[in-house]
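S.K.: Have a peek at entry24.pdb (PDB, C-alpha atoms, pLDDT in the B column).
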MODEL        1
ATOM      1  CA  MET P 107     -21.608 100.000-204.924  1.00 43.00           C
ATOM      2  CA  LYS P 108     -24.987 101.640-204.757  1.00 45.00           C
ATOM      3  CA  ALA P 109     -27.240 102.864-201.970  1.00 45.00           C
ATOM      4  CA  ALA P 110     -24.473 103.102-199.384  1.00 45.00           C
ATOM      5  CA  ALA P 111     -25.510 106.084-197.298  1.00 44.00           C
ATOM      6  CA  GLN P 112     -22.494 108.322-196.920  1.00 57.00           C
ATOM      7  CA  GLY P 113     -22.116 109.354-193.342  1.00 75.00           C
ATOM      8  CA  GLY P 114     -24.742 106.963-192.025  1.00 94.00           C
ATOM      9  CA  VAL P 115     -24.650 104.046-189.619  1.00 97.00           C
ATOM     10  CA  LEU P 116     -23.780 100.503-190.684  1.00 97.00           C
ATOM     11  CA  VAL P 117     -25.222  97.815-188.412  1.00 98.00           C
ATOM     12  CA  VAL P 118     -23.320  94.546-188.848  1.00 97.00           C
ATOM     13  CA  THR P 119     -25.173  91.406-187.752  1.00 97.00           C
ATOM     14  CA  ARG P 120     -22.966  88.319-187.417  1.00 95.00           C
ATOM     15  CA  HIS P 121     -24.983  85.791-185.409  1.00 93.00           C
ATOM     16  CA  PRO P 122     -27.867  83.490-186.349  1.00 91.00           C
ATOM     17  CA  GLN P 123     -31.228  83.575-184.658  1.00 84.00           C
ATOM     18  CA  PRO P 124     -32.691  81.816-182.663  1.00 74.00           C
ATOM     19  CA  GLY P 125     -30.019  80.850-180.173  1.00 73.00           C
ATOM     20  CA  ARG P 126     -28.598  84.331-179.670  1.00 80.00           C
ATOM     21  CA  SER P 127     -30.450  87.505-178.817  1.00 89.00           C
ATOM     22  CA  LEU P 128     -27.906  89.615-180.700  1.00 94.00           C
ATOM     23  CA  ALA P 129     -29.648  89.205-184.072  1.00 95.00           C
ATOM     24  CA  ARG P 130     -32.789  90.741-182.657  1.00 94.00           C
ATOM     25  CA  SER P 131     -30.860  93.542-180.955  1.00 96.00           C
ATOM     26  CA  ALA P 132     -29.050  94.378-184.205  1.00 97.00           C
ATOM     27  CA  LEU P 133     -32.310  94.524-186.120  1.00 96.00           C
ATOM     28  CA  ASP P 134     -33.994  96.621-183.395  1.00 96.00           C
ATOM     29  CA  THR P 135     -31.081  99.064-183.482  1.00 98.00           C
ATOM     30  CA  ALA P 136     -31.241  99.391-187.273  1.00 97.00           C
ATOM     31  CA  LEU P 137     -35.006  99.929-187.224  1.00 96.00           C
ATOM     32  CA  ALA P 138     -34.810 102.456-184.375  1.00 97.00           C
ATOM     33  CA  THR P 139     -32.146 104.412-186.265  1.00 97.00           C
ATOM     34  CA  ALA P 140     -34.360 104.419-189.374  1.00 96.00           C
ATOM     35  CA  ALA P 141     -37.397 105.424-187.286  1.00 95.00           C
ATOM     36  CA  PHE P 142     -35.476 108.540-186.220  1.00 95.00           C
ATOM     37  CA  GLU P 143     -34.890 109.252-189.911  1.00 94.00           C
ATOM     38  CA  GLN P 144     -31.156 108.699-189.705  1.00 95.00           C
ATOM     39  CA  PRO P 145     -29.405 106.985-192.616  1.00 95.00           C
ATOM     40  CA  VAL P 146     -28.722 103.359-191.724  1.00 96.00           C
ATOM     41  CA  ASN P 147     -27.806 100.133-193.525  1.00 96.00           C
ATOM     42  CA  LEU P 148     -27.839  96.554-192.301  1.00 97.00           C
ATOM     43  CA  LEU P 149     -25.117  94.079-193.291  1.00 98.00           C
ATOM     44  CA  PHE P 150     -25.553  90.327-192.796  1.00 98.00           C
ATOM     45  CA  LEU P 151     -22.014  89.042-192.328  1.00 97.00           C
ATOM     46  CA  GLY P 152     -20.585  85.543-191.766  1.00 96.00           C
ATOM     47  CA  ALA P 153     -22.968  83.368-189.739  1.00 95.00           C
ATOM     48  CA  GLY P 154     -25.390  86.311-189.682  1.00 96.00           C
ATOM     49  CA  VAL P 155     -26.559  85.279-193.184  1.00 96.00           C
ATOM     50  CA  LEU P 156     -28.201  82.236-191.560  1.00 94.00           C
ATOM     51  CA  GLN P 157     -30.945  84.641-190.433  1.00 94.00           C
ATOM     52  CA  LEU P 158     -31.978  84.655-194.094  1.00 95.00           C
ATOM     53  CA  LEU P 159     -32.466  80.905-194.572  1.00 92.00           C
ATOM     54  CA  PRO P 160     -35.980  80.415-195.966  1.00 85.00           C
ATOM     55  CA  GLU P 161     -38.893  78.773-194.185  1.00 81.00           C
ATOM     56  CA  GLN P 162     -37.476  79.083-190.695  1.00 81.00           C
ATOM     57  CA  ASP P 163     -40.157  78.481-188.090  1.00 81.00           C
ATOM     58  CA  SER P 164     -39.198  79.464-184.561  1.00 79.00           C
ATOM     59  CA  SER P 165     -42.723  79.186-183.108  1.00 80.00           C
ATOM     60  CA  ASP P 166     -42.020  75.852-181.396  1.00 83.00           C
ATOM     61  CA  VAL P 167     -38.882  77.345-179.837  1.00 79.00           C
ATOM     62  CA  GLY P 168     -41.045  80.143-178.479  1.00 81.00           C
ATOM     63  CA  VAL P 169     -39.162  83.103-179.946  1.00 80.00           C
ATOM     64  CA  ARG P 170     -40.227  85.551-182.615  1.00 80.00           C
ATOM     65  CA  ASN P 171     -39.290  84.818-186.220  1.00 83.00           C
ATOM     66  CA  LEU P 172     -37.114  87.712-187.351  1.00 90.00           C
ATOM     67  CA  ARG P 173     -37.566  87.115-191.055  1.00 90.00           C
ATOM     68  CA  LYS P 174     -40.926  88.891-191.201  1.00 88.00           C
ATOM     69  CA  VAL P 175     -39.342  91.920-189.548  1.00 91.00           C
ATOM     70  CA  ILE P 176     -36.364  91.759-191.933  1.00 93.00           C
ATOM     71  CA  ASP P 177     -38.730  91.636-194.918  1.00 92.00           C
ATOM     72  CA  SER P 178     -40.577  94.704-193.606  1.00 91.00           C
ATOM     73  CA  MET P 179     -37.467  96.913-193.604  1.00 93.00           C
ATOM     74  CA  PRO P 180     -38.540  98.834-196.758  1.00 92.00           C
ATOM     75  CA  LEU P 181     -41.497 100.125-194.698  1.00 91.00           C
ATOM     76  CA  TYR P 182     -38.907 101.861-192.525  1.00 90.00           C
ATOM     77  CA  ASP P 183     -37.263 103.386-195.603  1.00 90.00           C
ATOM     78  CA  MET P 184     -34.491 100.800-195.480  1.00 92.00           C
ATOM     79  CA  GLU P 185     -34.726  99.998-199.179  1.00 90.00           C
ATOM     80  CA  HIS P 186     -31.572  97.922-199.283  1.00 92.00           C
ATOM     81  CA  CYS P 187     -29.679  95.556-197.070  1.00 96.00           C
ATOM     82  CA  TYR P 188     -26.272  94.042-197.693  1.00 97.00           C
ATOM     83  CA  VAL P 189     -25.436  90.347-197.630  1.00 98.00           C
ATOM     84  CA  ASP P 190     -21.940  88.843-197.433  1.00 98.00           C
ATOM     85  CA  ALA P 191     -21.748  86.933-200.742  1.00 97.00           C
ATOM     86  CA  GLU P 192     -19.237  84.378-199.463  1.00 97.00           C
ATOM     87  CA  GLY P 193     -21.324  83.632-196.370  1.00 97.00           C
ATOM     88  CA  ALA P 194     -24.465  83.363-198.495  1.00 97.00           C
ATOM     89  CA  ALA P 195     -22.781  80.874-200.851  1.00 97.00           C
ATOM     90  CA  ARG P 196     -21.552  78.809-197.902  1.00 96.00           C
ATOM     91  CA  ALA P 197     -25.082  78.732-196.451  1.00 95.00           C
ATOM     92  CA  GLY P 198     -26.514  77.708-199.832  1.00 95.00           C
ATOM     93  CA  LEU P 199     -28.659  80.828-200.092  1.00 95.00           C
ATOM     94  CA  THR P 200     -29.984  81.621-203.543  1.00 92.00           C
ATOM     95  CA  ALA P 201     -31.130  84.991-204.898  1.00 90.00           C
ATOM     96  CA  THR P 202     -34.778  84.072-204.301  1.00 92.00           C
ATOM     97  CA  ASP P 203     -34.087  83.442-200.597  1.00 93.00           C
ATOM     98  CA  LEU P 204     -32.855  86.978-200.005  1.00 95.00           C
ATOM     99  CA  PRO P 205     -35.059  89.759-198.618  1.00 93.00           C
ATOM    100  CA  PRO P 206     -36.334  92.522-200.915  1.00 88.00           C
ATOM    101  CA  GLY P 207     -33.631  94.996-201.934  1.00 92.00           C
ATOM    102  CA  ALA P 208     -30.756  92.760-200.817  1.00 96.00           C
ATOM    103  CA  ILE P 209     -27.373  93.443-202.402  1.00 96.00           C
ATOM    104  CA  LEU P 210     -24.693  90.754-202.360  1.00 97.00           C
ATOM    105  CA  VAL P 211     -21.252  92.111-201.481  1.00 97.00           C
ATOM    106  CA  ASP P 212     -17.841  90.533-202.095  1.00 97.00           C
ATOM    107  CA  HIS P 213     -14.644  91.348-200.190  1.00 95.00           C
ATOM    108  CA  THR P 214     -13.898  94.514-202.159  1.00 97.00           C
ATOM    109  CA  ALA P 215     -17.444  95.786-201.788  1.00 96.00           C
ATOM    110  CA  LEU P 216     -17.370  95.004-198.060  1.00 97.00           C
ATOM    111  CA  ARG P 217     -14.363  97.243-197.624  1.00 96.00           C
ATOM    112  CA  ALA P 218     -16.095 100.033-199.538  1.00 96.00           C
ATOM    113  CA  LEU P 219     -19.184  99.555-197.390  1.00 95.00           C
ATOM    114  CA  PHE P 220     -17.233  99.905-194.144  1.00 96.00           C
ATOM    115  CA  ASP P 221     -15.377 102.937-195.539  1.00 96.00           C
ATOM    116  CA  SER P 222     -18.523 104.736-196.632  1.00 96.00           C
ATOM    117  CA  HIS P 223     -20.256 104.807-193.239  1.00 96.00           C
ATOM    118  CA  ARG P 224     -19.611 107.249-190.439  1.00 96.00           C
ATOM    119  CA  HIS P 225     -20.276 104.720-187.688  1.00 97.00           C
ATOM    120  CA  VAL P 226     -20.107 100.914-187.700  1.00 97.00           C
ATOM    121  CA  LEU P 227     -21.894  98.919-184.994  1.00 97.00           C
ATOM    122  CA  GLY P 228     -20.789  95.279-184.695  1.00 96.00           C
ATOM    123  CA  PHE P 229     -23.333  92.816-183.318  1.00 96.00           C
TER     124      PHE P 229
ATOM    125  CA  MET Q 123      -7.933 117.108-181.386  1.00 89.00           C
ATOM    126  CA  THR Q 124     -10.735 116.469-178.929  1.00 95.00           C
ATOM    127  CA  LEU Q 125     -13.273 113.890-180.000  1.00 97.00           C
ATOM    128  CA  HIS Q 126     -16.738 113.165-178.759  1.00 98.00           C
ATOM    129  CA  TYR Q 127     -17.282 109.458-178.106  1.00 98.00           C
ATOM    130  CA  CYS Q 128     -20.272 107.191-177.670  1.00 98.00           C
ATOM    131  CA  LEU Q 129     -19.878 103.622-176.401  1.00 98.00           C
ATOM    132  CA  LEU Q 130     -22.204 100.709-177.043  1.00 98.00           C
ATOM    133  CA  VAL Q 131     -21.758  97.807-174.616  1.00 98.00           C
ATOM    134  CA  LEU Q 132     -23.264  94.422-175.573  1.00 97.00           C
ATOM    135  CA  ALA Q 133     -21.229  92.272-173.189  1.00 95.00           C
ATOM    136  CA  ALA Q 134     -22.531  91.017-169.847  1.00 94.00           C
ATOM    137  CA  PRO Q 135     -20.199  91.650-166.903  1.00 92.00           C
ATOM    138  CA  ALA Q 136     -20.216  88.023-165.756  1.00 86.00           C
ATOM    139  CA  SER Q 137     -19.275  86.469-169.117  1.00 83.00           C
ATOM    140  CA  GLY Q 138     -15.731  87.711-169.621  1.00 85.00           C
ATOM    141  CA  HIS Q 139     -13.728  90.892-169.214  1.00 91.00           C
ATOM    142  CA  THR Q 140     -15.182  92.863-172.143  1.00 95.00           C
ATOM    143  CA  SER Q 141     -17.225  95.146-169.920  1.00 95.00           C
ATOM    144  CA  LEU Q 142     -14.164  95.980-167.795  1.00 95.00           C
ATOM    145  CA  THR Q 143     -12.179  96.630-170.983  1.00 96.00           C
ATOM    146  CA  ALA Q 144     -14.910  99.015-172.105  1.00 97.00           C
ATOM    147  CA  ALA Q 145     -14.828 100.846-168.758  1.00 97.00           C
ATOM    148  CA  ARG Q 146     -11.011 101.140-168.971  1.00 97.00           C
ATOM    149  CA  PHE Q 147     -11.296 102.429-172.540  1.00 98.00           C
ATOM    150  CA  ALA Q 148     -13.818 105.019-171.336  1.00 98.00           C
ATOM    151  CA  ALA Q 149     -11.532 106.118-168.488  1.00 97.00           C
ATOM    152  CA  ALA Q 150      -8.552 106.340-170.874  1.00 98.00           C
ATOM    153  CA  LEU Q 151     -10.330 108.483-173.457  1.00 98.00           C
ATOM    154  CA  LEU Q 152     -11.585 110.840-170.737  1.00 97.00           C
ATOM    155  CA  ALA Q 153      -8.075 111.070-169.286  1.00 97.00           C
ATOM    156  CA  ARG Q 154      -6.849 112.212-172.710  1.00 97.00           C
ATOM    157  CA  GLY Q 155      -9.344 115.066-172.767  1.00 97.00           C
ATOM    158  CA  HIS Q 156     -11.962 113.504-175.056  1.00 98.00           C
ATOM    159  CA  THR Q 157     -15.618 113.593-174.067  1.00 97.00           C
ATOM    160  CA  LEU Q 158     -18.100 110.810-173.385  1.00 97.00           C
ATOM    161  CA  SER Q 159     -21.611 111.935-172.573  1.00 93.00           C
ATOM    162  CA  ARG Q 160     -23.385 108.580-172.780  1.00 98.00           C
ATOM    163  CA  VAL Q 161     -22.710 104.854-172.617  1.00 98.00           C
ATOM    164  CA  PHE Q 162     -25.535 102.737-174.001  1.00 98.00           C
ATOM    165  CA  PHE Q 163     -25.932  99.172-172.727  1.00 98.00           C
ATOM    166  CA  LEU Q 164     -27.895  96.824-174.976  1.00 98.00           C
ATOM    167  CA  ASP Q 165     -28.791  93.124-175.101  1.00 97.00           C
ATOM    168  CA  ASN Q 166     -26.781  91.146-172.482  1.00 95.00           C
ATOM    169  CA  GLY Q 167     -24.858  94.365-171.784  1.00 97.00           C
ATOM    170  CA  THR Q 168     -27.807  95.617-169.742  1.00 98.00           C
ATOM    171  CA  SER Q 169     -26.772  93.171-166.971  1.00 96.00           C
ATOM    172  CA  ASN Q 170     -24.057  95.688-166.103  1.00 97.00           C
ATOM    173  CA  GLY Q 171     -26.736  97.684-164.306  1.00 97.00           C
ATOM    174  CA  LEU Q 172     -27.965  94.889-162.043  1.00 96.00           C
ATOM    175  CA  ALA Q 173     -27.879  96.241-158.476  1.00 95.00           C
ATOM    176  CA  THR Q 174     -27.759  92.826-156.841  1.00 93.00           C
ATOM    177  CA  ALA Q 175     -24.736  91.431-158.723  1.00 93.00           C
ATOM    178  CA  ILE Q 176     -21.922  90.464-156.344  1.00 93.00           C
ATOM    179  CA  THR Q 177     -18.337  90.500-157.645  1.00 91.00           C
ATOM    180  CA  PRO Q 178     -15.792  88.243-155.869  1.00 92.00           C
ATOM    181  CA  GLN Q 179     -13.574  90.269-153.528  1.00 93.00           C
ATOM    182  CA  ASP Q 180     -10.395  89.666-155.525  1.00 94.00           C
ATOM    183  CA  GLU Q 181     -11.974  90.832-158.787  1.00 92.00           C
ATOM    184  CA  ARG Q 182     -12.844  94.268-160.063  1.00 92.00           C
ATOM    185  CA  SER Q 183     -16.556  95.051-160.225  1.00 92.00           C
ATOM    186  CA  PRO Q 184     -17.596  96.322-163.681  1.00 93.00           C
ATOM    187  CA  GLN Q 185     -20.572  98.021-162.082  1.00 92.00           C
ATOM    188  CA  GLN Q 186     -18.348  99.984-159.696  1.00 93.00           C
ATOM    189  CA  ALA Q 187     -16.005 100.852-162.572  1.00 95.00           C
ATOM    190  CA  TRP Q 188     -18.932 102.255-164.560  1.00 97.00           C
ATOM    191  CA  SER Q 189     -20.611 104.128-161.733  1.00 95.00           C
ATOM    192  CA  ALA Q 190     -17.295 105.682-160.614  1.00 95.00           C
ATOM    193  CA  LEU Q 191     -16.800 106.888-164.191  1.00 95.00           C
ATOM    194  CA  ALA Q 192     -20.297 108.354-164.277  1.00 96.00           C
ATOM    195  CA  ASP Q 193     -19.860 110.077-160.909  1.00 96.00           C
ATOM    196  CA  ALA Q 194     -16.522 111.621-161.866  1.00 95.00           C
ATOM    197  CA  ASN Q 195     -17.413 112.739-165.385  1.00 95.00           C
ATOM    198  CA  GLY Q 196     -21.172 113.077-165.565  1.00 95.00           C
ATOM    199  CA  THR Q 197     -21.355 110.322-168.196  1.00 97.00           C
ATOM    200  CA  GLU Q 198     -24.884 108.942-168.555  1.00 98.00           C
ATOM    201  CA  LEU Q 199     -25.215 105.157-168.216  1.00 98.00           C
ATOM    202  CA  VAL Q 200     -28.331 104.089-170.109  1.00 98.00           C
ATOM    203  CA  LEU Q 201     -29.724 100.556-170.192  1.00 98.00           C
ATOM    204  CA  CYS Q 202     -31.945  99.697-173.189  1.00 98.00           C
ATOM    205  CA  VAL Q 203     -35.351  99.379-171.537  1.00 98.00           C
ATOM    206  CA  SER Q 204     -36.638  96.423-173.578  1.00 96.00           C
ATOM    207  CA  SER Q 205     -33.400  94.416-173.135  1.00 97.00           C
ATOM    208  CA  ALA Q 206     -33.329  95.339-169.439  1.00 98.00           C
ATOM    209  CA  VAL Q 207     -36.847  94.418-168.359  1.00 97.00           C
ATOM    210  CA  LYS Q 208     -36.511  91.090-170.208  1.00 95.00           C
ATOM    211  CA  ARG Q 209     -33.556  90.342-167.920  1.00 96.00           C
ATOM    212  CA  GLY Q 210     -35.264  91.442-164.707  1.00 97.00           C
ATOM    213  CA  LEU Q 211     -33.610  94.841-164.550  1.00 97.00           C
ATOM    214  CA  LEU Q 212     -36.351  97.157-163.318  1.00 98.00           C
ATOM    215  CA  ASP Q 213     -36.157 100.739-162.124  1.00 97.00           C
ATOM    216  CA  SER Q 214     -38.710 101.816-159.524  1.00 96.00           C
ATOM    217  CA  ALA Q 215     -41.274 102.821-162.178  1.00 96.00           C
ATOM    218  CA  GLU Q 216     -40.994  99.472-164.009  1.00 96.00           C
ATOM    219  CA  ALA Q 217     -41.006  97.531-160.728  1.00 97.00           C
ATOM    220  CA  GLN Q 218     -44.227  99.261-159.715  1.00 97.00           C
ATOM    221  CA  ARG Q 219     -45.775  98.752-163.153  1.00 96.00           C
ATOM    222  CA  HIS Q 220     -45.050  95.010-163.133  1.00 95.00           C
ATOM    223  CA  GLY Q 221     -45.979  94.491-159.483  1.00 96.00           C
ATOM    224  CA  PHE Q 222     -42.525  93.856-157.997  1.00 96.00           C
ATOM    225  CA  PRO Q 223     -41.635  95.188-154.533  1.00 96.00           C
ATOM    226  CA  ALA Q 224     -38.314  96.843-155.376  1.00 96.00           C
ATOM    227  CA  ALA Q 225     -36.132  98.171-158.171  1.00 97.00           C
ATOM    228  CA  THR Q 226     -33.234  95.971-159.324  1.00 97.00           C
ATOM    229  CA  VAL Q 227     -31.309  98.586-161.315  1.00 97.00           C
ATOM    230  CA  HIS Q 228     -28.274 100.215-159.699  1.00 96.00           C
ATOM    231  CA  PRO Q 229     -28.983 103.928-159.051  1.00 95.00           C
ATOM    232  CA  GLY Q 230     -26.044 104.956-161.269  1.00 96.00           C
ATOM    233  CA  PHE Q 231     -27.884 103.621-164.333  1.00 97.00           C
ATOM    234  CA  THR Q 232     -31.131 104.684-166.023  1.00 98.00           C
ATOM    235  CA  LEU Q 233     -33.488 102.870-168.385  1.00 98.00           C
ATOM    236  CA  GLY Q 234     -34.112 104.385-171.808  1.00 98.00           C
ATOM    237  CA  GLY Q 235     -35.113 103.620-175.380  1.00 98.00           C
ATOM    238  CA  LEU Q 236     -32.906 103.006-178.411  1.00 98.00           C
ATOM    239  CA  GLY Q 237     -33.610 106.601-179.420  1.00 98.00           C
ATOM    240  CA  LEU Q 238     -31.009 107.632-176.829  1.00 98.00           C
ATOM    241  CA  LEU Q 239     -28.402 105.534-178.680  1.00 98.00           C
ATOM    242  CA  VAL Q 240     -29.451 107.083-181.996  1.00 98.00           C
ATOM    243  CA  GLU Q 241     -29.189 110.566-180.489  1.00 97.00           C
ATOM    244  CA  ALA Q 242     -25.748 109.835-179.012  1.00 97.00           C
ATOM    245  CA  MET Q 243     -24.506 108.448-182.350  1.00 97.00           C
ATOM    246  CA  GLN Q 244     -25.655 111.571-184.178  1.00 95.00           C
ATOM    247  CA  SER Q 245     -23.488 113.854-182.080  1.00 95.00           C
ATOM    248  CA  ALA Q 246     -20.531 111.457-181.720  1.00 97.00           C
ATOM    249  CA  ASP Q 247     -17.307 111.607-183.699  1.00 96.00           C
ATOM    250  CA  ARG Q 248     -16.581 107.986-182.742  1.00 96.00           C
ATOM    251  CA  VAL Q 249     -18.878 105.139-181.764  1.00 97.00           C
ATOM    252  CA  VAL Q 250     -17.156 102.068-180.332  1.00 98.00           C
ATOM    253  CA  THR Q 251     -18.967  98.755-179.787  1.00 97.00           C
ATOM    254  CA  PHE Q 252     -17.842  96.362-177.070  1.00 97.00           C
ATOM    255  CA  GLY Q 253     -19.419  93.168-178.253  1.00 92.00           C
ATOM    256  CA  ALA Q 254     -20.412  89.886-176.759  1.00 75.00           C
ATOM    257  CA  PRO Q 255     -17.836  87.071-176.819  1.00 68.00           C
ATOM    258  CA  ALA Q 256     -18.155  84.923-179.976  1.00 63.00           C
TER     259      ALA Q 256
ENDMDL
END
Could I get this structure in the form of structure tokens?
M.R.:
Amino acid sequence: MKAAAQGGVLVVTRHPQPGRSLARSALDTALATAAFEQPVNLLFLGAGVLQLLPEQDSSDVGVRNLRKVIDSMPLYDMEHCYVDAEGAARAGLTATDLPPGAILVDHTALRALFDSHRHVLGF
Amino acid sequence: MTLHYCLLVLAAPASGHTSLTAARFAAALLARGHTLSRVFFLDNGTSNGLATAITPQDERSPQQAWSALADANGTELVLCVSSAVKRGLLDSAEAQRHGFPAATVHPGFTLGGLGLLVEAMQSADRVVTFGAPA
């Protein structure tokens, strides 16, 4: 396990977007935490990995496409994000679909990730 | 050992009992001598601060549960401003800014940015999320 910020905040995002506002709220929370220079990591878990499906276009639905924001996380000093490997496999995501700095995590690594953060926020 | 808590509420009061559970949890931790300086309401959770919500007479009002807690313990109840205004929850400043005649936020709650959640997390020993129903 690398890049897990000891003592930081882990934001867990478990819902796809569009359809639920929670994905956006999770991302906003992670970015706000980073903007205040607090250590934070984002974990895409379960159905949350569907946020990473390539070539999603939500413009006809009338909501903002989160993927551009997700891809801009390194600008907020969030160099890495974590992706549930099992969920990614189920969704048919390949390595090239993942955002920059993404790290796939299996069950053992997930446990380590939860253990290594001071606070866990579940969205 | 006394712990300092921060609660994050994502659940709307009208879509299940999660918000009431959160308010009971808050009351229980305070009763045990722990501290809770701020509850942050985000996403659909901001609906907890809607002044015009009417709870049926035979049910417990989450809004009353929260504001009683705040009155008795000085706990701040903060609604995420961007989630709130999107849902029509306006304090008097926002109502004036957007040209509406009156505020819709209950006076026990205030609007604030996510920075207030970040600040509360920094000083908290425990952060507990009360999420939306799956």
S.K.: The ChimeraX specification (/P :<8) & /Q - which residues does that actually catch in the file I just gave you? List them as a CSV table (one decimal) with C-alpha atoms, in the coordinates of the input.
M.R.:
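result_34.csv, freshly written:
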chain,number,residue,atom,x,y,z
Q,132,LEU,CA,-23.3,94.4,-175.6
Q,164,LEU,CA,-27.9,96.8,-175.0
Q,165,ASP,CA,-28.8,93.1,-175.1
Q,236,LEU,CA,-32.9,103.0,-178.4
Q,237,GLY,CA,-33.6,106.6,-179.4
Q,240,VAL,CA,-29.5,107.1,-182.0
Q,243,MET,CA,-24.5,108.4,-182.4
Q,248,ARG,CA,-16.6,108.0,-182.7
Q,249,VAL,CA,-18.9,105.1,-181.8
Q,250,VAL,CA,-17.2,102.1,-180.3
Q,251,THR,CA,-19.0,98.8,-179.8
Q,253,GLY,CA,-19.4,93.2,-178.3
Q,254,ALA,CA,-20.4,89.9,-176.8
S.K.: Evaluate the PyMOL selection byres ((chain P and resi 146-154) around 6) against this structure - the residues, as a list in words, please.
M.R.: Gly114, Val115, Leu116, Val117, Val118, Thr119, Arg120, His121, Pro122, Pro145, Val155, Leu156, Gln157, Cys187, Tyr188, Val189, Asp190 and Gly193 of chain P
S.K.: Identify all residues satisfying the PyMOL selection byres ((chain Q and resi 171) around 12) in the given file; provide them as a ChimeraX atom specification.
M.R.: /Q:131,133-136,141,161-170,172-176,183-189,199-203,205-207,209-213,225-233
S.K.: Take the residues from that selection and write them out as an mmCIF file, keeping the file's coordinate frame, keeping C-alpha atoms.
M.R.:
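Resulting contents of part_34.cif:
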data_model
loop_
_atom_site.group_PDB
_atom_site.id
_atom_site.type_symbol
_atom_site.label_atom_id
_atom_site.label_comp_id
_atom_site.auth_asym_id
_atom_site.auth_seq_id
_atom_site.Cartn_x
_atom_site.Cartn_y
_atom_site.Cartn_z
ATOM 1 C CA VAL Q 131 -21.758 97.807 -174.616
ATOM 2 C CA ALA Q 133 -21.229 92.272 -173.189
ATOM 3 C CA ALA Q 134 -22.531 91.017 -169.847
ATOM 4 C CA PRO Q 135 -20.199 91.650 -166.903
ATOM 5 C CA ALA Q 136 -20.216 88.023 -165.756
ATOM 6 C CA SER Q 141 -17.225 95.146 -169.920
ATOM 7 C CA VAL Q 161 -22.710 104.854 -172.617
ATOM 8 C CA PHE Q 162 -25.535 102.737 -174.001
ATOM 9 C CA PHE Q 163 -25.932 99.172 -172.727
ATOM 10 C CA LEU Q 164 -27.895 96.824 -174.976
ATOM 11 C CA ASP Q 165 -28.791 93.124 -175.101
ATOM 12 C CA ASN Q 166 -26.781 91.146 -172.482
ATOM 13 C CA GLY Q 167 -24.858 94.365 -171.784
ATOM 14 C CA THR Q 168 -27.807 95.617 -169.742
ATOM 15 C CA SER Q 169 -26.772 93.171 -166.971
ATOM 16 C CA ASN Q 170 -24.057 95.688 -166.103
ATOM 17 C CA LEU Q 172 -27.965 94.889 -162.043
ATOM 18 C CA ALA Q 173 -27.879 96.241 -158.476
ATOM 19 C CA THR Q 174 -27.759 92.826 -156.841
ATOM 20 C CA ALA Q 175 -24.736 91.431 -158.723
ATOM 21 C CA ILE Q 176 -21.922 90.464 -156.344
ATOM 22 C CA SER Q 183 -16.556 95.051 -160.225
ATOM 23 C CA PRO Q 184 -17.596 96.322 -163.681
ATOM 24 C CA GLN Q 185 -20.572 98.021 -162.082
ATOM 25 C CA GLN Q 186 -18.348 99.984 -159.696
ATOM 26 C CA ALA Q 187 -16.005 100.852 -162.572
ATOM 27 C CA TRP Q 188 -18.932 102.255 -164.560
ATOM 28 C CA SER Q 189 -20.611 104.128 -161.733
ATOM 29 C CA LEU Q 199 -25.215 105.157 -168.216
ATOM 30 C CA VAL Q 200 -28.331 104.089 -170.109
ATOM 31 C CA LEU Q 201 -29.724 100.556 -170.192
ATOM 32 C CA CYS Q 202 -31.945 99.697 -173.189
ATOM 33 C CA VAL Q 203 -35.351 99.379 -171.537
ATOM 34 C CA SER Q 205 -33.400 94.416 -173.135
ATOM 35 C CA ALA Q 206 -33.329 95.339 -169.439
ATOM 36 C CA VAL Q 207 -36.847 94.418 -168.359
ATOM 37 C CA ARG Q 209 -33.556 90.342 -167.920
ATOM 38 C CA GLY Q 210 -35.264 91.442 -164.707
ATOM 39 C CA LEU Q 211 -33.610 94.841 -164.550
ATOM 40 C CA LEU Q 212 -36.351 97.157 -163.318
ATOM 41 C CA ASP Q 213 -36.157 100.739 -162.124
ATOM 42 C CA ALA Q 225 -36.132 98.171 -158.171
ATOM 43 C CA THR Q 226 -33.234 95.971 -159.324
ATOM 44 C CA VAL Q 227 -31.309 98.586 -161.315
ATOM 45 C CA HIS Q 228 -28.274 100.215 -159.699
ATOM 46 C CA PRO Q 229 -28.983 103.928 -159.051
ATOM 47 C CA GLY Q 230 -26.044 104.956 -161.269
ATOM 48 C CA PHE Q 231 -27.884 103.621 -164.333
ATOM 49 C CA THR Q 232 -31.131 104.684 -166.023
ATOM 50 C CA LEU Q 233 -33.488 102.870 -168.385
#
S.K.: When you draw a straight line from CA of Asn171 in chain P to CA of Phe252 in chain Q, how long is it in Å?
M.R.: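 Answer for the CA of Asn171 in chain P to CA of Phe252 in chain Q separation: 26.0 Å.
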S.K.: Grab all the atoms of range 225-228 of chain Q that the file lists, wrap them in a box along x, y and z, add 5 Å per side, and give me centre plus edge lengths in Å (one decimal) as JSON.
M.R.:
{"center_x": -32.2, "center_y": 98.1, "center_z": -159.7, "size_x": 17.9, "size_y": 14.2, "size_z": 13.1}
S.K.: Measuring atom to atom with only C-alpha atoms, identify which of Q:Ala217, Q:Ser159, Q:Leu130, Q:Phe147 is nearest to Ser245 in chain Q.
M.R.: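 So, comparing all the options, the nearest one is Q:Ser159.
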S.K.: Mind giving me the straight-line distance from CA of Arg182 in chain Q to CA of Leu152 in chain Q in Å, one decimal?
M.R.: 19.8 Å
S.K.: For range 200-213 of chain P, find every residue with an atom within 9 Å (counting only C-alpha atoms), except residues of its own chain fewer than 5 positions away, and show them as a ChimeraX atom specification.
M.R.: /P:107-108,158-160,173,176-180,184-192,194-195,218-219
S.K.: In Å, rounded to a single decimal, give me how far CA of Arg160 in chain Q is from CA of Asp183 in chain P.
M.R.: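 These atoms are spaced 27.2 Å apart.
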